[in-house]
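Data block for input.txt (compact mmCIF, C-alpha atoms and all ligand atoms):
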# COMPACT_ATOMS: atom_id res chain seq x y z
CA MET A 1 100.98 121.65 55.47
CA ALA A 2 100.57 117.87 55.55
CA VAL A 3 102.20 116.05 52.65
CA ALA A 4 99.98 113.51 50.89
CA PRO A 5 101.37 109.98 50.49
CA SER A 6 103.29 109.17 47.32
CA GLY A 7 100.97 108.62 44.36
CA LEU A 8 98.09 110.12 46.44
CA GLU A 9 97.49 106.61 47.75
CA ASN A 10 94.27 106.45 49.82
CA VAL A 11 93.77 110.22 49.55
CA VAL A 12 90.09 111.11 49.18
CA ILE A 13 89.93 114.32 47.15
CA GLY A 14 86.18 114.86 47.11
CA PRO A 15 82.75 113.31 46.73
CA THR A 16 81.33 111.43 43.76
CA ALA A 17 77.97 109.73 43.31
CA ILE A 18 78.98 107.93 40.11
CA SER A 19 80.90 104.83 41.14
CA CYS A 20 82.36 103.28 44.26
CA VAL A 21 85.26 100.83 44.62
CA ASP A 22 85.50 98.71 47.78
CA GLY A 23 89.08 97.54 47.47
CA ASP A 24 89.03 95.29 50.55
CA ALA A 25 85.86 93.45 49.56
CA GLY A 26 86.69 93.44 45.82
CA GLU A 27 83.50 95.21 44.84
CA LEU A 28 82.57 97.86 42.33
CA TYR A 29 79.27 99.70 42.15
CA TYR A 30 77.96 102.06 39.50
CA ARG A 31 75.42 104.38 41.15
CA GLY A 32 74.81 101.70 43.78
CA TYR A 33 74.45 98.77 41.37
CA ASP A 34 76.93 95.90 41.66
CA VAL A 35 78.96 95.66 38.45
CA ARG A 36 78.42 91.87 38.49
CA ASP A 37 74.65 92.36 38.27
CA LEU A 38 75.05 94.93 35.51
CA ALA A 39 77.39 92.64 33.56
CA ARG A 40 74.90 89.79 33.87
CA GLU A 41 71.63 91.66 33.33
CA ALA A 42 72.19 95.00 31.62
CA SER A 43 73.49 96.35 28.32
CA PHE A 44 76.27 98.90 27.83
CA GLU A 45 73.68 101.49 26.80
CA GLU A 46 71.75 101.01 30.07
CA VAL A 47 75.02 101.56 31.94
CA VAL A 48 75.76 104.73 29.95
CA TRP A 49 72.34 106.12 30.90
CA LEU A 50 72.89 105.07 34.52
CA LEU A 51 76.25 106.86 34.71
CA TRP A 52 74.93 110.04 33.11
CA HIS A 53 71.51 110.27 34.76
CA GLY A 54 71.96 108.46 38.08
CA ASP A 55 69.33 105.77 37.54
CA LEU A 56 68.62 102.91 35.18
CA PRO A 57 66.59 103.95 32.12
CA THR A 58 62.97 103.02 31.53
CA ALA A 59 62.27 101.09 28.33
CA ALA A 60 61.30 104.35 26.59
CA GLU A 61 64.43 106.17 27.79
CA LEU A 62 66.63 103.29 26.68
CA ALA A 63 64.99 103.23 23.24
CA ARG A 64 65.56 106.99 22.95
CA LEU A 65 69.25 106.67 23.91
CA ARG A 66 69.81 103.75 21.53
CA GLY A 67 68.16 105.70 18.71
CA GLU A 68 70.22 108.84 19.41
CA LEU A 69 73.47 106.87 19.56
CA ALA A 70 72.65 105.09 16.29
CA ARG A 71 71.79 108.40 14.57
CA GLN A 72 74.94 110.13 15.79
CA ARG A 73 77.38 107.38 14.83
CA VAL A 74 78.05 108.95 11.45
CA ILE A 75 81.12 111.13 11.94
CA PRO A 76 81.52 114.63 10.48
CA HIS A 77 83.40 114.90 7.21
CA ARG A 78 86.43 116.68 8.70
CA THR A 79 86.88 114.05 11.41
CA ALA A 80 86.63 111.30 8.78
CA ALA A 81 89.25 113.06 6.63
CA LEU A 82 91.58 113.42 9.61
CA ILE A 83 91.27 109.71 10.45
CA ASP A 84 92.05 108.82 6.83
CA THR A 85 95.22 110.93 7.01
CA LEU A 86 96.27 109.44 10.36
CA ALA A 87 95.72 105.91 9.05
CA ARG A 88 98.25 106.55 6.27
CA ILE A 89 101.07 107.36 8.69
CA PRO A 90 102.38 105.09 11.45
CA ALA A 91 100.41 106.94 14.14
CA VAL A 92 99.87 105.41 17.57
CA PRO A 93 96.11 104.59 17.67
CA MET A 94 95.55 106.29 21.05
CA ALA A 95 97.20 109.45 19.72
CA ALA A 96 94.99 109.22 16.61
CA LEU A 97 91.92 108.90 18.84
CA ALA A 98 92.97 111.97 20.83
CA LEU A 99 93.45 114.00 17.62
CA ALA A 100 90.07 112.81 16.32
CA THR A 101 88.52 113.82 19.66
CA GLY A 102 89.91 117.33 19.21
CA MET A 103 88.42 117.45 15.70
CA LEU A 104 85.03 116.24 16.98
CA GLY A 105 85.15 119.22 19.33
CA VAL A 106 85.90 121.55 16.42
CA ASP A 107 82.81 120.18 14.67
CA ASP A 108 80.54 120.42 17.72
CA PRO A 109 79.01 123.91 17.93
CA ALA A 110 78.38 123.37 21.66
CA SER A 111 81.93 122.23 22.41
CA ARG A 112 82.87 125.27 24.52
CA SER A 113 79.64 125.32 26.50
CA VAL A 114 79.62 123.90 30.02
CA THR A 115 75.84 123.94 30.49
CA PRO A 116 74.47 120.54 31.55
CA SER A 117 72.36 120.04 28.41
CA ASP A 118 75.19 120.94 26.02
CA GLU A 119 77.65 118.75 27.92
CA LEU A 120 75.23 115.84 27.83
CA GLN A 121 74.87 116.26 24.08
CA SER A 122 78.67 116.36 23.61
CA ALA A 123 78.98 113.25 25.79
CA LEU A 124 76.46 111.50 23.57
CA LEU A 125 78.40 112.45 20.43
CA LEU A 126 81.61 111.04 21.93
CA VAL A 127 80.07 107.72 22.99
CA ALA A 128 78.27 107.42 19.63
CA ARG A 129 81.30 108.26 17.49
CA TYR A 130 84.22 106.46 19.14
CA PRO A 131 83.25 103.08 17.60
CA THR A 132 83.07 104.69 14.15
CA ILE A 133 86.39 106.47 14.57
CA ILE A 134 88.27 103.37 15.78
CA ALA A 135 86.74 101.09 13.14
CA ARG A 136 87.36 103.57 10.32
CA TYR A 137 90.99 104.03 11.40
CA GLU A 138 91.53 100.26 11.36
CA ARG A 139 89.92 99.72 7.96
CA ARG A 140 91.73 102.64 6.35
CA ARG A 141 95.12 101.45 7.56
CA ARG A 142 94.36 98.02 6.11
CA HIS A 143 93.43 99.72 2.80
CA LEU A 144 89.78 98.70 3.16
CA GLU A 145 86.72 100.86 2.56
CA PRO A 146 85.09 102.13 5.78
CA VAL A 147 81.76 100.51 6.67
CA GLU A 148 78.74 102.72 7.31
CA PRO A 149 77.37 102.48 10.87
CA PRO A 150 74.45 100.03 11.00
CA SER A 151 71.18 101.86 11.51
CA ASN A 152 69.82 99.97 14.49
CA ALA A 153 72.53 98.19 16.44
CA SER A 154 74.04 98.29 19.92
CA THR A 155 77.43 99.91 20.43
CA ALA A 156 79.12 96.49 20.56
CA THR A 157 77.42 95.16 17.42
CA ALA A 158 77.93 98.42 15.53
CA PHE A 159 81.63 98.50 16.37
CA LEU A 160 82.32 94.89 15.36
CA THR A 161 80.27 95.31 12.18
CA MET A 162 82.17 98.45 11.17
CA LEU A 163 85.51 96.85 12.10
CA ARG A 164 85.05 93.62 10.18
CA GLY A 165 82.55 94.49 7.47
CA SER A 166 79.99 91.91 8.61
CA PRO A 167 77.83 91.63 11.74
CA PRO A 168 79.14 89.61 14.70
CA ASP A 169 77.21 86.64 16.05
CA PRO A 170 75.23 87.21 19.29
CA VAL A 171 77.89 85.56 21.49
CA GLU A 172 80.60 87.87 20.16
CA SER A 173 78.35 90.88 20.50
CA ARG A 174 77.48 90.02 24.10
CA ALA A 175 81.16 89.37 24.99
CA LEU A 176 82.06 92.88 23.83
CA ASP A 177 78.98 94.34 25.51
CA VAL A 178 80.09 92.89 28.87
CA LEU A 179 83.64 94.10 28.28
CA LEU A 180 82.30 97.61 27.68
CA ILE A 181 80.13 97.44 30.82
CA VAL A 182 83.03 96.54 33.11
CA HIS A 183 85.29 99.27 31.68
CA ALA A 184 82.73 102.09 31.86
CA ASP A 185 83.74 103.74 35.13
CA HIS A 186 86.08 103.23 38.07
CA GLU A 187 85.95 106.08 40.55
CA LEU A 188 89.07 108.28 40.55
CA ASN A 189 91.45 106.20 38.44
CA ALA A 190 94.30 108.16 36.83
CA SER A 191 92.48 109.07 33.60
CA THR A 192 89.25 110.10 35.34
CA PHE A 193 91.20 112.20 37.82
CA THR A 194 92.96 113.82 34.86
CA ALA A 195 89.58 114.56 33.24
CA ARG A 196 88.30 116.12 36.46
CA VAL A 197 91.41 118.28 36.93
CA ILE A 198 90.99 119.62 33.38
CA ALA A 199 87.24 120.08 33.81
CA SER A 200 87.83 121.99 37.05
CA THR A 201 89.38 124.84 35.03
CA LEU A 202 85.99 125.04 33.24
CA ALA A 203 87.62 123.63 30.11
CA SER A 204 85.33 121.69 27.76
CA VAL A 205 84.28 118.04 27.79
CA TYR A 206 86.51 117.53 24.73
CA ALA A 207 89.57 119.03 26.47
CA ALA A 208 88.96 116.82 29.51
CA VAL A 209 88.54 113.69 27.37
CA GLU A 210 91.68 114.43 25.33
CA GLY A 211 93.68 114.64 28.57
CA ALA A 212 92.07 111.49 29.92
CA LEU A 213 93.05 109.61 26.76
CA GLY A 214 96.68 110.53 27.34
CA ALA A 215 96.54 109.25 30.92
CA LEU A 216 94.77 106.06 29.87
CA SER A 217 97.38 105.24 27.23
CA GLY A 218 100.20 104.58 29.74
CA PRO A 219 101.22 100.98 30.52
CA LEU A 220 100.50 101.37 34.24
CA HIS A 221 96.87 102.21 33.37
CA GLY A 222 94.79 101.27 30.30
CA GLY A 223 97.84 100.65 28.12
CA ALA A 224 98.47 97.47 30.13
CA ASN A 225 95.98 95.41 28.09
CA GLU A 226 98.07 95.70 24.90
CA ARG A 227 101.20 94.65 26.82
CA VAL A 228 99.33 91.65 28.26
CA MET A 229 98.62 90.38 24.75
CA ALA A 230 102.24 90.89 23.70
CA MET A 231 103.29 88.90 26.77
CA LEU A 232 100.83 86.07 26.09
CA GLU A 233 102.07 85.87 22.51
CA GLN A 234 105.66 85.80 23.70
CA ILE A 235 104.94 83.00 26.18
CA GLY A 236 103.13 81.03 23.50
CA THR A 237 102.15 77.84 25.35
CA PRO A 238 100.83 77.14 28.90
CA GLU A 239 103.87 75.09 29.97
CA ARG A 240 106.13 78.06 29.35
CA ALA A 241 104.05 80.35 31.60
CA GLU A 242 105.77 79.57 34.89
CA PRO A 243 109.43 79.94 33.80
CA PHE A 244 108.54 83.08 31.87
CA ILE A 245 106.87 84.76 34.85
CA TYR A 246 109.62 83.76 37.29
CA GLY A 247 112.15 85.05 34.76
CA LEU A 248 110.45 88.45 34.53
CA LEU A 249 110.20 88.76 38.28
CA ALA A 250 113.86 87.79 38.71
CA GLN A 251 114.66 90.76 36.46
CA LYS A 252 112.46 92.94 38.74
CA LYS A 253 110.03 93.56 35.89
CA ARG A 254 106.31 94.20 36.36
CA ILE A 255 103.82 91.69 35.08
CA MET A 256 101.30 93.61 33.03
CA GLY A 257 97.65 93.08 33.95
CA PHE A 258 98.43 92.27 37.62
CA GLY A 259 98.25 94.30 40.79
CA HIS A 260 96.08 97.27 41.62
CA ARG A 261 96.32 100.39 43.75
CA VAL A 262 92.90 99.93 45.34
CA TYR A 263 91.93 96.23 45.20
CA LYS A 264 93.50 94.16 47.96
CA THR A 265 91.63 91.13 46.71
CA GLU A 266 90.37 90.06 43.28
CA ASP A 267 89.29 92.86 40.93
CA PRO A 268 85.63 91.93 40.24
CA ARG A 269 86.06 93.05 36.63
CA ALA A 270 88.86 90.52 36.12
CA ALA A 271 86.61 87.76 37.48
CA ILE A 272 83.79 88.78 35.10
CA LEU A 273 86.12 88.88 32.10
CA ARG A 274 87.67 85.51 33.04
CA GLU A 275 84.16 84.02 32.79
CA VAL A 276 83.60 85.80 29.47
CA CYS A 277 86.93 84.42 28.26
CA LEU A 278 86.01 80.85 29.24
CA GLU A 279 82.50 81.04 27.75
CA PHE A 280 83.74 82.68 24.62
CA ALA A 281 86.54 80.15 24.20
CA GLN A 282 83.96 77.35 24.23
CA HIS A 283 82.12 79.14 21.49
CA ARG A 284 85.25 79.55 19.37
CA GLN A 285 86.82 76.50 17.76
CA HIS A 286 90.41 77.40 18.59
CA GLY A 287 89.80 79.94 21.35
CA ARG A 288 90.54 77.70 24.31
CA GLY A 289 94.31 78.10 23.82
CA TRP A 290 94.44 81.77 24.79
CA CYS A 291 92.20 81.19 27.76
CA ASP A 292 94.23 78.23 29.06
CA LEU A 293 97.41 80.21 28.64
CA ALA A 294 95.99 83.23 30.48
CA MET A 295 94.80 80.98 33.34
CA ARG A 296 98.27 79.42 33.67
CA VAL A 297 99.91 82.85 33.72
CA ALA A 298 97.48 83.98 36.45
CA GLU A 299 98.33 80.84 38.49
CA ALA A 300 102.06 81.42 38.07
CA VAL A 301 101.82 85.09 39.13
CA TRP A 302 99.76 84.09 42.15
CA GLN A 303 102.29 81.41 43.18
CA ALA A 304 105.23 83.75 42.68
CA ARG A 305 103.92 87.03 44.13
CA HIS A 306 100.34 86.66 45.33
CA LEU A 307 99.19 89.30 42.86
CA TYR A 308 95.65 89.22 41.46
CA PRO A 309 94.85 89.96 37.83
CA ASN A 310 93.24 93.35 37.14
CA VAL A 311 90.69 94.31 34.46
CA ASP A 312 93.35 94.54 31.76
CA PHE A 313 94.48 90.93 32.05
CA PHE A 314 91.49 88.95 30.72
CA SER A 315 90.46 91.87 28.52
CA ALA A 316 93.42 90.98 26.30
CA PRO A 317 92.46 87.39 25.31
CA VAL A 318 88.79 88.39 25.02
CA GLN A 319 89.55 91.26 22.64
CA HIS A 320 92.00 89.06 20.73
CA MET A 321 89.36 86.36 20.26
CA LEU A 322 86.99 89.05 18.99
CA GLY A 323 89.49 89.75 16.22
CA ILE A 324 90.44 93.19 17.55
CA PRO A 325 94.06 94.09 16.71
CA THR A 326 96.26 94.41 19.81
CA ASP A 327 97.05 98.10 19.38
CA LEU A 328 93.31 98.87 19.43
CA PHE A 329 92.73 97.27 22.86
CA THR A 330 93.29 100.56 24.72
CA PRO A 331 91.14 102.56 22.26
CA VAL A 332 88.36 99.97 22.90
CA PHE A 333 88.84 100.58 26.63
CA ALA A 334 88.43 104.32 25.89
CA MET A 335 85.31 103.61 23.78
CA SER A 336 83.68 102.49 27.04
CA ARG A 337 85.43 104.71 29.63
CA VAL A 338 84.46 107.85 27.72
CA ALA A 339 80.98 107.31 29.24
CA GLY A 340 82.49 107.50 32.73
CA TRP A 341 84.83 110.40 31.94
CA THR A 342 81.96 112.49 30.61
CA ALA A 343 79.78 111.63 33.64
CA HIS A 344 82.62 112.86 35.88
CA VAL A 345 83.08 116.07 33.87
CA MET A 346 79.36 116.81 34.28
CA GLU A 347 79.51 116.02 38.00
CA GLN A 348 82.59 118.23 38.39
CA HIS A 349 80.90 121.14 36.64
CA ALA A 350 77.75 120.75 38.73
CA HIS A 351 79.72 121.64 41.90
CA ASN A 352 82.92 123.08 40.50
CA ARG A 353 85.92 124.32 42.37
CA LEU A 354 89.34 124.55 40.70
CA ILE A 355 91.50 121.53 41.59
CA ARG A 356 94.82 123.06 42.57
CA PRO A 357 96.83 121.11 45.15
CA ARG A 358 100.19 122.12 46.60
CA ALA A 359 103.63 120.54 46.35
CA GLU A 360 106.32 120.08 48.96
CA TYR A 361 109.31 122.05 47.67
CA VAL A 362 112.57 120.09 47.99
CA GLY A 363 114.80 122.18 45.65
CA PRO A 364 117.64 124.55 46.58
CA PRO A 365 116.98 127.38 49.02
CA PRO A 366 116.74 130.97 47.64
CA ARG A 367 120.08 132.01 46.06
CA ARG A 368 121.62 134.93 44.17
CA PHE A 369 121.21 135.06 40.38
CA VAL A 370 124.50 134.40 38.55
CA PRO A 371 124.95 136.39 35.28
CA LEU A 372 125.73 134.26 32.22
CA ALA A 373 129.28 135.62 31.88
CA ALA A 374 130.05 134.66 35.46
CA ARG A 375 128.92 131.03 35.18
CA GLY A 376 131.44 128.53 34.53
N1 LIG B 401 104.21 92.95 38.75
C1 LIG B 401 105.21 92.79 39.66
N2 LIG B 401 105.22 93.43 40.84
C2 LIG B 401 104.20 94.23 41.13
C3 LIG B 401 103.13 94.44 40.23
C4 LIG B 401 103.17 93.75 39.01
N3 LIG B 401 102.20 93.90 38.11
N4 LIG B 401 102.25 95.29 40.78
C5 LIG B 401 102.74 95.63 41.98
N5 LIG B 401 103.91 94.99 42.18
C6 LIG B 401 104.77 95.07 43.35
C7 LIG B 401 105.75 96.24 43.21
O1 LIG B 401 106.94 95.88 42.58
C8 LIG B 401 105.95 96.63 44.65
O2 LIG B 401 106.85 95.72 45.25
P1 LIG B 401 107.97 96.24 46.26
O3 LIG B 401 107.20 96.86 47.40
O4 LIG B 401 108.70 94.99 46.61
O5 LIG B 401 108.78 97.25 45.50
C9 LIG B 401 104.58 96.38 45.28
O6 LIG B 401 103.96 95.39 44.48
C10 LIG B 401 103.72 97.62 45.32
O7 LIG B 401 103.71 98.21 44.02
P2 LIG B 401 103.39 99.73 43.72
O8 LIG B 401 103.90 100.09 42.39
O9 LIG B 401 103.81 100.58 44.87
O10 LIG B 401 101.81 99.66 43.73
P3 LIG B 401 100.90 100.73 43.08
O11 LIG B 401 99.65 100.73 43.82
O12 LIG B 401 101.61 102.03 42.96
O13 LIG B 401 100.72 100.16 41.58
C11 LIG B 401 99.90 99.35 39.59
C12 LIG B 401 99.56 99.77 41.02
C13 LIG B 401 100.55 100.50 38.86
C14 LIG B 401 98.60 98.99 38.88
C15 LIG B 401 100.85 98.13 39.63
O14 LIG B 401 100.22 97.05 40.25
C16 LIG B 401 101.36 97.77 38.24
O15 LIG B 401 102.35 98.32 37.78
N6 LIG B 401 100.69 96.80 37.55
C17 LIG B 401 101.05 96.44 36.19
C18 LIG B 401 100.42 97.42 35.20
C19 LIG B 401 98.92 97.21 35.07
O16 LIG B 401 98.45 96.10 34.96
N7 LIG B 401 98.19 98.31 35.07
C20 LIG B 401 96.73 98.30 34.92
C21 LIG B 401 96.06 98.62 36.22
S1 LIG B 401 94.28 98.52 36.06
C22 LIG B 401 93.88 99.90 35.19
O17 LIG B 401 94.53 100.90 35.26
C23 LIG B 401 92.78 99.85 34.29
In structure tokens, what does this structure look like?
Amino acid sequence: MAVAPSGLENVVIGPTAISCVDGDAGELYYRGYDVRDLAREASFEEVVWLLWHGDLPTAAELARLRGELARQRVIPHRTAALIDTLARIPAVPMAALALATGMLGVDDPASRSVTPSDELQSALLLVARYPTIIARYERRRRHLEPVEPPSNASTATAFLTMLRGSPPDPVESRALDVLLIVHADHELNASTFTARVIASTLASVYAAVEGALGALSGPLHGGANERVMAMLEQIGTPERAEPFIYGLLAQKKRIMGFGHRVYKTEDPRAAILREVCLEFAQHRQHGRGWCDLAMRVAEAVWQARHLYPNVDFFSAPVQHMLGIPTDLFTPVFAMSRVAGWTAHVMEQHAHNRLIRPRAEYVGPPPRRFVPLAARG
């Protein structure tokens, strides 16, 4: 048996028609559409439809999806009660989101079904309800009353409205919309692979998404964006960027938000979010500081190691400027990626075969059992 390279690097484990990463060219396509075009022209809801159905929606289909999402944003009573409990204890937000996901499954009568129509409906509930869950959690832990989901708003506008208690301006709303678009899917990244492994046992969408949340939370994956913000805050001013980065590298530490397993050139999502950061900073009176600092850090990392920023790097200053607390950055990533995870679960179930690889055994050879009394 051939042994796969460490970390399954460059191993192709099967087909997908959902998204495609060209790591050498620095390109990402969702169902054949360049993510740059989608970020410029489309809305997050159009991307959700595209990932689930394979094509961009017509105006009528988009209106139907927007209406369904808006109607389903109200969360069931038991999920709301669970969030209120979790907000009273020092829970890690990603763990709270995973618990709330489990409770959403409890409240979804179709949660155990793996038929395409039931899975699509569960996927819709997850995408609709994540903004409500995250915003409610934040308001409850700040001892504020939760805000009802607005009746006719996009995911980005609804989330910021429920988080802050007042609607965002169009520039803020669009900045978050673009951020959601670029996070929506990314081929077989660690969390999506996790979701597909779980789905391959014919477990539910909810089980797959709970597992994916765990994988996303780690600092080498989606958890990097929170660490980027902590690093930017620690650096403080642009002139300190270079010594700070060289200091970290001298200690053989990893710079969060840099490097990627697949991209050998710039991650197109990082380039899109850098533009969002710059545009948004112009809009904000005091925003420019975070952007300038992030740019200086990127320059220093390039000079020192020739590493490109990944999606998590500019996501941090953008989310910070939107007033999103740092420990909610990864949940916001999940609020978007749940669209991709659920698309992959549905694709897995459409042509399912259990994912069960082998391992190369490197332990001791077979040996005689030693009774407890004889060990010593
Ligand atoms: N900082 C410093 N050195 C780095 C970094 C980094 N961010 N990334 C890679 N390297 C170096 C490694 O130290 C290693 O050097 P060496 O060969 O001298 O030991 C070399 O580059 C290769 O690194 P690997 O870990 O083998 O590369 P891999 O493909 O396994 O890692 C990863 C990819 C995990 C993303 C890595 O670049 C990293 O740790 N980045 C920081 C965390 C991060 O930003 N994660 C988010 C990724 S995007 C996403 O998941 C949404």
*Who sits within 9 Å of A:Ala300, all atoms listed in the file, same chain under 3 positions skipped, as a PyMOL selection string*: chain A and resi 241-243+245-246+295-297+303-305
Those selected residues, please, written with C-alpha atoms and delivered as a JSON list (two decimals), in the coordinates of the input.
[["chain", "number", "residue", "atom", "x", "y", "z"],
["A", 241, "ALA", "CA", 104.05, 80.35, 31.60],
["A", 242, "GLU", "CA", 105.77, 79.57, 34.89],
["A", 243, "PRO", "CA", 109.43, 79.94, 33.80],
["A", 245, "ILE", "CA", 106.87, 84.76, 34.85],
["A", 246, "TYR", "CA", 109.62, 83.76, 37.29],
["A", 295, "MET", "CA", 94.80, 80.98, 33.34],
["A", 296, "ARG", "CA", 98.27, 79.42, 33.67],
["A", 297, "VAL", "CA", 99.91, 82.85, 33.72],
["A", 303, "GLN", "CA", 102.29, 81.41, 43.18],
["A", 304, "ALA", "CA", 105.23, 83.75, 42.68],
["A", 305, "ARG", "CA", 103.92, 87.03, 44.13]]
message: Using only C-alpha atoms and all ligand atoms, which residues have at least one atom no more than 8 Å from ligand LIG 401 (chain B)? Output them as an NGL selection string.
response: :A and (7 or 9 or 183 or 189-190 or 216 or 219-225 or 249 or 252-262 or 305 or 307 or 309-313)
Shell of 12 Å around stretch 53-62 of chain A, only C-alpha atoms, local chain residues under 5 positions omitted, as an mmCIF file with C-alpha atoms, keeping the file's coordinate frame:
data_model
loop_
_atom_site.group_PDB
_atom_site.id
_atom_site.type_symbol
_atom_site.label_atom_id
_atom_site.label_comp_id
_atom_site.auth_asym_id
_atom_site.auth_seq_id
_atom_site.Cartn_x
_atom_site.Cartn_y
_atom_site.Cartn_z
ATOM 1 C CA THR A 16 81.330 111.430 43.760
ATOM 2 C CA ALA A 17 77.970 109.730 43.310
ATOM 3 C CA ILE A 18 78.980 107.930 40.110
ATOM 4 C CA SER A 19 80.900 104.830 41.140
ATOM 5 C CA TYR A 30 77.960 102.060 39.500
ATOM 6 C CA ARG A 31 75.420 104.380 41.150
ATOM 7 C CA GLY A 32 74.810 101.700 43.780
ATOM 8 C CA TYR A 33 74.450 98.770 41.370
ATOM 9 C CA LEU A 38 75.050 94.930 35.510
ATOM 10 C CA GLU A 41 71.630 91.660 33.330
ATOM 11 C CA ALA A 42 72.190 95.000 31.620
ATOM 12 C CA SER A 43 73.490 96.350 28.320
ATOM 13 C CA PHE A 44 76.270 98.900 27.830
ATOM 14 C CA GLU A 45 73.680 101.490 26.800
ATOM 15 C CA GLU A 46 71.750 101.010 30.070
ATOM 16 C CA VAL A 47 75.020 101.560 31.940
ATOM 17 C CA VAL A 48 75.760 104.730 29.950
ATOM 18 C CA GLY A 67 68.160 105.700 18.710
ATOM 19 C CA GLU A 68 70.220 108.840 19.410
ATOM 20 C CA LEU A 69 73.470 106.870 19.560
ATOM 21 C CA PRO A 116 74.470 120.540 31.550
ATOM 22 C CA SER A 117 72.360 120.040 28.410
ATOM 23 C CA LEU A 120 75.230 115.840 27.830
ATOM 24 C CA SER A 154 74.040 98.290 19.920
ATOM 25 C CA ALA A 339 80.980 107.310 29.240
ATOM 26 C CA GLY A 340 82.490 107.500 32.730
ATOM 27 C CA THR A 342 81.960 112.490 30.610
ATOM 28 C CA ALA A 343 79.780 111.630 33.640
ATOM 29 C CA HIS A 344 82.620 112.860 35.880
ATOM 30 C CA MET A 346 79.360 116.810 34.280
ATOM 31 C CA GLU A 347 79.510 116.020 38.000
#
Could you name the residues that touch stretch 99-104 of chain A at 8 Å or less, counting all atoms listed in the file, but leaving out those on the same chain fewer than 5 positions away, as an NGL selection string? :A and (76 or 78-79 or 82-83 or 126 or 133 or 206-207 or 209-210)
One decimal place gives the atom CA of A:Pro167-atom CA of A:Arg88 separation as 25.9 Å
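The smallest atom-to-atom distance between A:Ala25 and any of A:Asp327, A:Val338, A:Tyr308, A:Asp267, using all atoms listed in the file, is found for A:Asp267.
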Between atom CA of A:Ala199 and atom CA of A:Arg356, distance in Å (one decimal):
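Result for atom CA of A:Ala199 versus atom CA of A:Arg356: 12.0 Å, one decimal.
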Might you pull out every residue within 12 Å of A:Asp169, with all atoms listed in the file counted and same-chain residues fewer than 3 positions away left off, and present them as a PyMOL selection string?
-> chain A and resi 156-158+160-161+166+172-176+280+283-284+322
With distances taken over only C-alpha atoms, the candidate from A:Met229, A:Arg112, A:Ala63, A:Val197 nearest A:Asn152 is A:Ala63
What's the 9 Å shell around A:Val332, counting all atoms listed in the file, without same-chain residues fewer than 2 positions away, as a PDB file with C-alpha atoms, in the coordinates of the input?
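Dumped everything to result-v2.pdb:
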ATOM      1  CA  TYR A 130      84.220 106.460  19.140  1.00  0.00           C
ATOM      2  CA  PRO A 131      83.250 103.080  17.600  1.00  0.00           C
ATOM      3  CA  ILE A 134      88.270 103.370  15.780  1.00  0.00           C
ATOM      4  CA  LEU A 180      82.300  97.610  27.680  1.00  0.00           C
ATOM      5  CA  GLN A 319      89.550  91.260  22.640  1.00  0.00           C
ATOM      6  CA  ILE A 324      90.440  93.190  17.550  1.00  0.00           C
ATOM      7  CA  LEU A 328      93.310  98.870  19.430  1.00  0.00           C
ATOM      8  CA  PHE A 329      92.730  97.270  22.860  1.00  0.00           C
ATOM      9  CA  THR A 330      93.290 100.560  24.720  1.00  0.00           C
ATOM     10  CA  ALA A 334      88.430 104.320  25.890  1.00  0.00           C
ATOM     11  CA  MET A 335      85.310 103.610  23.780  1.00  0.00           C
ATOM     12  CA  SER A 336      83.680 102.490  27.040  1.00  0.00           C
ATOM     13  CA  ARG A 337      85.430 104.710  29.630  1.00  0.00           C
TER      14      ARG A 337
END
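Straight-line separation from atom CA of A:Leu65 to atom CA of A:Ala270: 28.2 Å.
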Please determine an axis-aligned box that encloses all atoms of stretch 237-254 of chain A listed in the file, with 8 Å added on each side, and express its centre and edge lengths in Å to one decimal as JSON.
{"center_x": 107.7, "center_y": 84.6, "center_z": 32.0, "size_x": 29.8, "size_y": 35.1, "size_z": 29.4}
ask   = Which one is closest to A:Cys277: A:Leu179, A:Thr265, A:Tyr361, A:Leu28? Count all atoms listed in the file.
value =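 Once distances to A:Cys277 are computed over all atoms listed in the file, the minimum belongs to A:Leu179.
Residues having any atom no farther than 12 Å from (86.0, 125.2, 31.3) (counting only C-alpha atoms) are Ser111, Arg112, Ser113, Val114, Thr115, Glu119, Ala195, Arg196, Val197, Ile198, Ala199, Ser200, Thr201, Leu202, Ala203, Ser204, Val205, Tyr206, Ala207, Ala208, Val345, Met346, Gln348, His349, Ala350, Asn352, Arg353 and Leu354 of chain A.
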Those residues with C-alpha atoms, as a compact mmCIF listing (two decimals), keeping the file's coordinate frame please?
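In the end it all went to selection_3.txt:
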# COMPACT_ATOMS: atom_id res chain seq x y z
CA SER A 111 81.93 122.23 22.41
CA ARG A 112 82.87 125.27 24.52
CA SER A 113 79.64 125.32 26.50
CA VAL A 114 79.62 123.90 30.02
CA THR A 115 75.84 123.94 30.49
CA GLU A 119 77.65 118.75 27.92
CA ALA A 195 89.58 114.56 33.24
CA ARG A 196 88.30 116.12 36.46
CA VAL A 197 91.41 118.28 36.93
CA ILE A 198 90.99 119.62 33.38
CA ALA A 199 87.24 120.08 33.81
CA SER A 200 87.83 121.99 37.05
CA THR A 201 89.38 124.84 35.03
CA LEU A 202 85.99 125.04 33.24
CA ALA A 203 87.62 123.63 30.11
CA SER A 204 85.33 121.69 27.76
CA VAL A 205 84.28 118.04 27.79
CA TYR A 206 86.51 117.53 24.73
CA ALA A 207 89.57 119.03 26.47
CA ALA A 208 88.96 116.82 29.51
CA VAL A 345 83.08 116.07 33.87
CA MET A 346 79.36 116.81 34.28
CA GLN A 348 82.59 118.23 38.39
CA HIS A 349 80.90 121.14 36.64
CA ALA A 350 77.75 120.75 38.73
CA ASN A 352 82.92 123.08 40.50
CA ARG A 353 85.92 124.32 42.37
CA LEU A 354 89.34 124.55 40.70
